[in-house]
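Trainee: protein17.txt (compact mmCIF, C-alpha atoms and all ligand atoms) pasted underneath:
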```txt
# COMPACT_ATOMS: atom_id res chain seq x y z
CA MET F 90 -29.99 -17.28 -21.49
CA THR F 91 -26.93 -15.84 -19.72
CA SER F 92 -28.78 -15.66 -16.38
CA LEU F 93 -29.93 -19.28 -16.86
CA CYS F 94 -26.33 -20.39 -17.43
CA GLN F 95 -25.20 -18.32 -14.41
CA SER F 96 -27.84 -19.82 -12.12
CA SER F 97 -27.12 -23.39 -13.24
CA PHE F 98 -23.37 -22.75 -12.73
CA ASN F 99 -24.03 -21.37 -9.23
CA GLY F 100 -26.26 -24.38 -8.49
CA ALA F 101 -23.48 -26.76 -9.56
CA LEU F 102 -21.01 -24.85 -7.36
CA ASP F 103 -23.37 -25.05 -4.36
CA ARG F 104 -23.73 -28.81 -4.87
CA CYS F 105 -19.96 -29.10 -5.10
CA TYR F 106 -19.49 -27.13 -1.83
CA ARG F 107 -22.08 -29.34 -0.11
CA ILE F 108 -20.21 -32.50 -1.16
CA SER F 109 -16.83 -31.07 -0.02
CA PRO F 110 -17.39 -28.15 2.42
CA CYS F 111 -13.66 -27.28 2.46
CA LEU F 112 -14.03 -25.90 -1.09
CA ALA F 113 -16.37 -23.16 0.17
CA ASN F 114 -13.35 -21.46 1.77
CA PRO F 115 -11.57 -19.27 -0.88
CA ALA F 116 -8.15 -19.73 0.79
CA ARG F 117 -8.52 -23.52 0.71
CA ARG F 118 -9.72 -23.35 -2.89
CA SER F 119 -6.64 -21.43 -4.00
CA SER F 120 -4.39 -23.77 -2.00
CA LEU F 121 -6.02 -26.78 -3.67
CA GLY F 122 -5.68 -25.05 -7.07
CA LEU F 123 -1.94 -24.58 -6.48
CA LYS F 124 -1.52 -28.23 -5.52
CA VAL F 125 -3.31 -29.36 -8.69
CA ALA F 126 -1.18 -26.91 -10.74
CA LEU F 127 2.04 -28.29 -9.23
CA VAL F 128 1.12 -31.91 -9.93
CA LEU F 129 0.04 -30.98 -13.48
CA LEU F 130 3.30 -29.09 -14.07
CA HIS F 131 5.32 -32.16 -13.08
CA LEU F 132 3.15 -34.47 -15.20
CA ILE F 133 3.35 -32.16 -18.23
CA TYR F 134 7.17 -32.12 -18.13
CA VAL F 135 7.52 -35.89 -17.83
CA GLY F 136 4.65 -36.49 -20.30
CA ILE F 137 6.18 -34.25 -23.01
CA LEU F 138 9.61 -35.79 -22.47
CA PHE F 139 8.30 -39.32 -23.01
CA LEU F 140 5.96 -38.28 -25.82
CA PHE F 141 8.73 -36.58 -27.82
CA ASP F 142 11.74 -38.71 -26.96
CA ASN F 143 11.40 -42.27 -28.24
CA ASP F 144 14.95 -43.00 -27.04
CA LEU F 145 13.70 -42.76 -23.44
CA ILE F 146 11.45 -45.82 -23.97
CA ASP F 147 14.49 -47.71 -25.31
CA LYS F 148 16.49 -46.46 -22.34
CA ILE F 149 13.97 -48.01 -19.92
CA LYS F 150 14.62 -51.40 -21.58
CA GLU F 151 18.41 -50.96 -21.83
CA ASP F 152 19.05 -49.31 -18.47
CA PRO F 153 16.01 -49.91 -16.22
CA TRP F 154 17.79 -48.70 -13.05
CA TYR F 155 18.50 -45.24 -14.46
CA MET F 156 14.86 -44.53 -15.30
CA ALA F 157 13.56 -46.35 -12.18
CA LEU F 158 15.65 -43.98 -10.04
CA TYR F 159 14.28 -40.99 -11.97
CA PHE F 160 10.68 -42.12 -11.37
CA LEU F 161 11.47 -42.80 -7.72
CA LEU F 162 12.76 -39.24 -7.34
CA PHE F 163 9.69 -37.93 -9.17
CA VAL F 164 7.24 -39.76 -6.88
CA ALA F 165 9.28 -39.04 -3.71
CA THR F 166 9.32 -35.29 -4.51
CA LEU F 167 5.55 -35.18 -4.99
CA ILE F 168 4.98 -37.20 -1.78
CA GLN F 169 7.37 -34.87 0.10
CA TYR F 170 5.40 -31.87 -1.22
CA PHE F 171 2.10 -33.23 0.10
CA VAL F 172 3.63 -34.38 3.40
CA THR F 173 5.19 -30.92 3.99
CA SER F 174 2.02 -29.19 2.91
CA GLY F 175 -0.08 -31.22 5.35
CA SER F 176 2.36 -31.03 8.28
CA SER F 177 1.96 -28.73 11.26
CA PRO F 178 4.58 -25.96 11.55
CA GLY F 179 4.25 -26.16 15.37
CA TYR F 180 1.51 -23.86 16.61
CA VAL F 181 1.95 -22.06 19.94
CA MET F 182 -1.64 -22.95 20.84
CA ASP F 183 -0.90 -26.68 20.37
CA ALA F 184 2.22 -26.43 22.55
CA MET F 185 0.21 -24.68 25.26
CA ARG F 186 -2.55 -27.30 25.01
CA ALA F 187 0.03 -30.09 25.23
CA LEU F 188 1.50 -28.52 28.35
CA ASN F 189 -1.92 -28.09 29.97
CA GLU F 190 -2.87 -31.69 29.18
CA LYS F 191 0.41 -32.89 30.61
CA ASN F 192 -0.13 -30.82 33.75
CA ALA F 193 -3.67 -32.17 34.11
CA VAL F 194 -2.43 -35.76 33.78
CA PHE F 195 0.35 -35.06 36.27
CA ALA F 196 -2.01 -33.43 38.79
CA LYS F 197 -4.54 -36.27 38.47
CA ALA F 198 -1.97 -39.03 38.68
CA SER F 199 0.01 -37.46 41.52
CA MET F 200 -3.15 -37.42 43.63
CA SER F 201 -3.53 -41.20 43.29
CA SER F 202 0.02 -42.45 43.19
CA LYS F 203 3.35 -40.80 42.53
CA ARG F 204 4.80 -44.07 41.33
CA SER F 205 2.34 -44.55 38.51
CA VAL F 206 3.18 -41.11 37.12
CA SER F 207 6.79 -41.85 36.39
CA SER F 208 6.08 -45.29 34.95
CA LYS F 209 3.16 -44.21 32.77
CA ASP F 210 4.91 -41.73 30.53
CA GLY F 211 8.54 -40.77 30.50
CA ASN F 212 8.39 -38.48 27.46
CA LEU F 213 8.69 -34.75 27.48
CA ILE F 214 6.15 -32.95 25.37
CA ILE F 215 7.88 -29.59 25.65
CA THR F 216 11.57 -29.02 26.12
CA VAL F 217 13.07 -25.69 27.04
CA ASP F 218 16.54 -25.29 25.68
CA GLY F 219 19.20 -24.54 28.27
CA SER F 220 16.72 -23.88 31.06
CA GLN F 221 17.27 -25.35 34.47
CA SER F 222 13.82 -24.81 35.88
CA GLY F 223 11.21 -24.39 33.20
CA ILE F 224 10.91 -27.97 31.98
CA THR F 225 7.72 -29.78 32.84
CA PRO F 226 8.41 -33.46 32.63
CA VAL F 227 6.02 -35.89 34.17
CA GLY F 228 7.13 -36.18 37.74
CA GLY F 229 8.57 -32.65 37.80
CA ASN F 230 7.05 -29.37 38.91
CA VAL F 231 3.86 -28.31 37.21
CA THR F 232 4.42 -25.02 35.38
CA SER F 233 1.86 -22.82 33.71
CA TRP F 234 2.37 -21.69 30.13
CA MET F 235 2.65 -18.04 31.15
CA LYS F 236 5.36 -18.76 33.72
CA LEU F 237 7.21 -20.98 31.26
CA VAL F 238 7.22 -18.24 28.61
CA LEU F 239 8.15 -15.47 31.07
CA ASP F 240 11.14 -17.52 32.29
CA MET F 241 12.52 -17.45 28.75
CA TYR F 242 12.71 -13.65 28.68
CA PRO F 243 14.85 -11.31 30.83
CA SER F 244 13.31 -10.60 34.23
CA GLY F 245 10.97 -7.65 34.26
CA THR F 246 9.46 -8.39 30.84
CA SER F 247 5.75 -7.57 30.83
CA VAL F 248 3.30 -10.36 29.93
CA ARG F 249 1.26 -7.84 27.94
CA THR F 250 4.07 -7.25 25.45
CA LEU F 251 4.39 -11.02 24.91
CA THR F 252 0.68 -11.70 24.41
CA CYS F 253 -0.53 -12.06 20.83
CA SER F 254 -3.46 -9.72 20.28
CA TYR F 255 -5.07 -12.17 17.82
CA CYS F 256 -4.71 -15.51 19.63
CA ASN F 257 -4.51 -14.09 23.16
CA VAL F 258 -1.63 -16.44 23.96
CA GLU F 259 1.84 -15.64 25.32
CA GLN F 260 4.46 -16.00 22.59
CA PRO F 261 7.77 -17.66 23.48
CA PRO F 262 10.91 -16.21 21.81
CA ARG F 263 11.06 -16.82 18.03
CA ALA F 264 7.27 -17.27 17.73
CA LYS F 265 5.18 -15.05 15.46
CA HIS F 266 1.56 -14.69 14.50
CA CYS F 267 0.84 -15.69 10.89
CA HIS F 268 -2.03 -13.69 9.40
CA ASP F 269 -2.64 -16.29 6.67
CA CYS F 270 -3.01 -19.19 9.11
CA ASP F 271 -4.40 -16.91 11.85
CA LYS F 272 -2.26 -18.71 14.44
CA CYS F 273 1.01 -18.11 16.28
CA VAL F 274 3.82 -20.34 14.98
CA LEU F 275 6.87 -21.56 16.92
CA GLN F 276 10.17 -20.59 15.25
CA PHE F 277 8.21 -18.90 12.48
CA ASP F 278 10.17 -18.90 9.21
CA HIS F 279 7.66 -17.77 6.56
CA HIS F 280 4.22 -18.56 5.18
CA CYS F 281 4.73 -20.56 1.98
CA VAL F 282 1.99 -19.81 -0.55
CA TRP F 283 3.16 -22.64 -2.80
CA LEU F 284 2.68 -25.20 -0.01
CA GLY F 285 -0.32 -23.42 1.50
CA THR F 286 1.11 -23.63 5.01
CA CYS F 287 3.52 -21.92 7.38
CA ILE F 288 7.10 -23.09 7.70
CA GLY F 289 8.11 -23.26 11.33
CA GLN F 290 9.75 -25.46 13.92
CA GLY F 291 7.61 -28.51 13.10
CA ASN F 292 8.19 -28.70 9.35
CA HIS F 293 11.33 -26.70 8.46
CA CYS F 294 13.32 -29.93 8.05
CA ARG F 295 10.65 -31.42 5.75
CA PHE F 296 10.62 -28.17 3.77
CA TRP F 297 14.41 -28.35 3.26
CA TRP F 298 14.15 -31.94 2.02
CA TYR F 299 11.34 -30.94 -0.33
CA ILE F 300 13.45 -28.15 -1.90
CA CYS F 301 16.36 -30.59 -2.10
CA GLY F 302 14.23 -33.20 -3.93
CA GLU F 303 12.72 -30.60 -6.25
CA THR F 304 16.22 -29.26 -7.11
CA ALA F 305 17.52 -32.77 -7.90
CA LEU F 306 14.43 -33.50 -10.04
CA CYS F 307 14.89 -30.20 -11.89
CA ILE F 308 18.57 -31.00 -12.66
CA TRP F 309 17.76 -34.55 -13.83
CA THR F 310 14.84 -33.41 -16.03
CA GLY F 311 17.12 -30.69 -17.48
CA ILE F 312 19.71 -33.35 -18.36
CA LEU F 313 17.01 -35.42 -20.15
CA CYS F 314 15.83 -32.31 -22.07
CA VAL F 315 19.38 -31.46 -23.19
CA ALA F 316 19.97 -35.10 -24.24
CA TYR F 317 16.81 -34.96 -26.38
CA LEU F 318 17.83 -31.65 -28.00
CA LYS F 319 21.31 -33.01 -28.76
CA SER F 320 20.05 -36.01 -30.71
CA ASN F 321 16.75 -34.69 -32.16
CA ILE F 322 17.29 -30.98 -32.90
CA THR F 323 17.26 -31.52 -36.69
CA LYS F 324 14.07 -33.66 -36.81
CA ALA F 325 10.84 -31.77 -35.96
CA TRP F 326 11.54 -28.04 -35.37
CA TRP F 327 8.34 -27.43 -33.35
CA LYS F 328 9.23 -30.23 -30.95
CA GLY F 329 12.66 -28.64 -30.49
CA ALA F 330 11.07 -25.24 -29.89
CA ILE F 331 8.74 -26.65 -27.18
CA MET F 332 11.65 -28.45 -25.56
CA ILE F 333 13.77 -25.24 -25.55
CA LEU F 334 10.86 -23.36 -23.93
CA LEU F 335 10.55 -26.07 -21.25
CA LEU F 336 14.30 -25.95 -20.71
CA VAL F 337 14.25 -22.15 -20.21
CA ILE F 338 11.43 -22.44 -17.62
CA LEU F 339 13.30 -25.30 -15.97
CA SER F 340 16.55 -23.25 -15.82
CA ILE F 341 14.78 -20.28 -14.17
CA SER F 342 13.12 -22.63 -11.65
CA LEU F 343 16.48 -24.31 -10.99
CA ILE F 344 18.24 -21.00 -10.25
CA PHE F 345 15.44 -20.05 -7.85
CA LEU F 346 15.50 -23.48 -6.15
CA LEU F 347 19.29 -23.53 -5.80
CA LEU F 348 19.29 -20.05 -4.23
CA LEU F 349 16.47 -21.09 -1.89
CA LEU F 350 18.32 -24.29 -0.94
CA LEU F 351 21.55 -22.40 -0.22
CA PHE F 352 19.71 -19.71 1.74
CA HIS F 353 17.88 -22.24 3.94
CA SER F 354 21.07 -24.27 4.44
CA TYR F 355 22.75 -21.09 5.72
CA LEU F 356 19.78 -20.43 8.04
CA ILE F 357 19.94 -23.99 9.41
CA LEU F 358 23.72 -23.86 10.02
CA THR F 359 23.38 -20.58 11.94
CA ASN F 360 20.05 -21.47 13.65
CA GLN F 361 18.14 -18.52 12.23
CA THR F 362 14.80 -18.11 10.50
CA THR F 363 13.93 -16.09 7.39
CA TYR F 364 11.76 -13.80 9.54
CA GLU F 365 14.60 -13.17 12.02
CA LEU F 366 17.07 -12.45 9.24
CA VAL F 367 14.82 -10.10 7.29
CA ARG F 368 13.24 -8.29 10.26
CA ARG F 369 16.24 -8.40 12.59
CA ARG F 370 16.09 -4.70 13.45
CA ARG F 371 12.34 -4.77 14.09
CA ILE F 372 12.27 -7.78 16.44
CA PRO F 373 12.64 -6.35 19.99
CA TYR F 374 14.81 -9.17 21.40
CA LEU F 375 17.21 -9.06 18.40
CA ARG F 376 17.63 -5.30 18.39
CA GLY F 377 21.11 -4.23 19.48
CA ILE F 378 22.74 -7.61 18.78
CA PRO F 379 25.64 -7.19 16.28
CA GLU F 380 24.91 -8.42 12.73
CA ARG F 381 27.45 -11.26 12.68
CA VAL F 382 26.29 -12.68 16.05
CA TYR F 383 23.73 -15.48 15.80
CA PRO F 384 22.01 -15.44 19.21
CA PHE F 385 20.42 -18.91 19.01
CA SER F 386 23.36 -20.68 17.35
CA LYS F 387 24.99 -23.52 19.30
CA GLY F 388 27.68 -24.18 16.72
CA VAL F 389 27.36 -25.63 13.22
CA CYS F 390 27.35 -29.32 14.26
CA ARG F 391 24.79 -28.97 17.06
CA ASN F 392 22.55 -26.71 14.98
CA LEU F 393 22.59 -29.32 12.24
CA TYR F 394 22.02 -32.20 14.67
CA GLU F 395 19.08 -30.48 16.37
CA PHE F 396 17.56 -29.53 13.03
CA CYS F 397 17.81 -33.01 11.54
CA CYS F 398 16.90 -34.99 14.66
CA ALA F 399 14.05 -32.76 15.89
CA ARG F 400 10.91 -34.74 16.67
CA SER F 401 7.71 -33.19 15.36
CA ASP F 402 5.73 -34.34 18.43
CA ILE F 403 8.02 -32.43 20.82
CA TYR F 404 7.79 -28.67 21.01
CA LYS F 405 11.19 -27.14 21.63
CA LEU F 406 11.26 -23.69 23.19
CA GLU F 407 14.46 -21.63 23.15
CA ARG F 408 15.12 -19.06 25.83
CA LEU F 409 16.84 -15.78 25.00
CA PRO F 410 20.61 -15.78 25.48
CA THR F 411 21.92 -13.89 28.49
CA ALA F 412 24.21 -10.85 28.15
CA VAL F 413 27.23 -13.00 29.14
CA GLU F 414 26.40 -15.58 26.43
CA LEU F 415 26.01 -12.84 23.84
CA GLU F 416 29.33 -11.33 24.84
CA GLU F 417 30.98 -14.74 24.46
CA LYS F 418 29.39 -15.20 21.02
CA SER F 419 30.53 -11.76 19.82
CA ARG F 420 34.16 -12.36 20.93
CA PRO F 421 36.44 -12.30 17.84
CA TYR F 422 37.82 -15.64 16.67
CA THR F 423 41.39 -16.57 17.55
CA CYS F 424 43.67 -19.42 16.44
CA LEU F 425 42.90 -21.21 19.72
CA ASP F 426 39.17 -21.19 18.84
CA PHE F 427 40.00 -23.03 15.64
CA PHE F 428 41.75 -25.84 17.53
CA THR F 429 39.07 -26.03 20.23
CA CYS F 430 36.32 -26.17 17.55
CA ARG F 431 34.51 -23.14 18.98
CA CYS F 432 32.07 -23.00 16.08
CA CYS F 433 31.11 -26.66 16.54
ZN ZN F 501 -1.26 -15.18 17.33
ZN ZN F 502 0.89 -19.28 7.89
```
Can you turn what I pasted into structure tokens?

Mentor:
Amino acid sequence: MTSLCQSSFNGALDRCYRISPCLANPARRSSLGLKVALVLLHLIYVGILFLFDNDLIDKIKEDPWYMALYFLLFVATLIQYFVTSGSSPGYVMDAMRALNEKNAVFAKASMSSKRSVSSKDGNLIITVDGSQSGITPVGGNVTSWMKLVLDMYPSGTSVRTLTCSYCNVEQPPRAKHCHDCDKCVLQFDHHCVWLGTCIGQGNHCRFWWYICGETALCIWTGILCVAYLKSNITKAWWKGAIMILLLVILSISLIFLLLLLLFHSYLILTNQTTYELVRRRRIPYLRGIPERVYPFSKGVCRNLYEFCCARSDIYKLERLPTAVELEEKSRPYTCLDFFTCRCC
């Protein structure tokens, strides 16, 4: 009987995998399970609130804008979760492919007519921060990926030390191989299990907005829970007990989210990544740089501007700062620096 049940269960699973092949992958299954759990968690909170609190229904009639804004935040947070989860963190392989495609288009077009090249496409697919020679715009010099990456490191750096042994691709500064995604990621921050994707150059901004939305939703839901407890604590004790339990879980989540939000805001303002901060002493190009010096920071305002206005279709590569630039960054602050807005 047990073997019959087992075989019919396996048969149903096989049919399920044939209908949606992505479910055959255990990593994708767990990622999908987490997404379903997150949506359910949100629905349970809102469902219990509306099921227990009859005043909320009256509030929709009395003050429709208040509850409409709450639902808008609820939907926007879930959408932001799925958008971030499905976004690319900026893979090194994609940047290299984009550069090769651009070079191929440039080489093909330059053979026929130089004029048509510049008029066809004026966009840069890859920008190299602060570099004078490594940019490969259409109409400029064709540069190979290896040369582009090598130009971002001090002269004499061996290509072998920069090549990822898993992807066999040269890693620009700040890139790291993610073992969960099995790809090298530009400006690798961390691999988020909750989102099922890496957080890197391409989606760090979306990730910050998602945490921001989730924090706001947590605070608002907490306020609604407290309002219910204030007016209904003496009615049904079991309803109060469930609401207190939900409030405790919500408070723990809120503390975690607030800390995460503050931590990522600090990283953004100083142009760092979680990986660089945690593994600073292990990353070869960061070794020897004093703790309070942020090698990739361009000042609070510019860091913020570049973070918020970064286009996901443009791969931005940052070269390593020179010894002179590092010396300038490590110079102690003076009163004059305050007036000249050195940090901005
Ligand atoms: Zn790799
Ligand atoms: Zn990853």

Trainee: Between F:Cys301, F:Ala264, F:Ile168, F:Ala187, which is the closest to Asp402 (chain F) once you count all atoms listed in the file?

Mentor: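 Going through F:Cys301, F:Ala264, F:Ile168, F:Ala187 one by one, the smallest distance to Asp402 (chain F) is for F:Ala187.
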
Trainee: Do a neighbour search on region 408-416 of chain F at 7 Å with only C-alpha atoms, toss out local chain neighbours closer than 2 positions, and write the hits as a list of chain:residue names.

Mentor: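 In the requested format, the answer is F:Asp218, F:Met241, F:Tyr242, F:Pro262, F:Pro384, F:Leu406, F:Lys418, F:Ser419, F:Arg420.
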
Trainee: Measuring atom to atom with all atoms listed in the file, identify which of F:Leu275, F:Val382, F:Leu284, F:Ile403 is nearest to ligand ZN 501 (chain F).

Mentor: F:Leu275

Trainee: For ligand ZN 502 (chain F), return the neighbouring residues as number ranges by chain (distance at most 9 Å; all atoms listed in the file).

Mentor: F: 178, 266-274, 277, 279-282, 285-289

Trainee: Out of F:Leu356, F:Ala316, F:Cys256, F:Ile372, which residue has the shortest atom-to-atom distance to ligand ZN 501 (chain F) when counting all atoms listed in the file?

Mentor: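 Nearest to ligand ZN 501 (chain F): F:Cys256.
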
Trainee: Measuring between all atoms listed in the file, which one of F:Tyr180, F:Tyr299, F:Tyr355, F:Tyr170 shows the shortest distance to Leu393 (chain F)?

Mentor: F:Tyr355

Trainee: As an exercise, work out the distance from CA of Gln276 (chain F) to CA of Arg263 (chain F) in Å and give it to one decimal place.

Mentor: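 Result for CA of Gln276 (chain F) versus CA of Arg263 (chain F): 4.8 Å, one decimal.
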
Trainee: So, counting all atoms listed in the file, which residue among F:Leu358, F:Leu121, F:Ala184, F:Leu161 is closest to Tyr394 (chain F)?

Mentor: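 Comparing F:Leu358, F:Leu121, F:Ala184, F:Leu161 against Tyr394 (chain F), the winner is F:Leu358.
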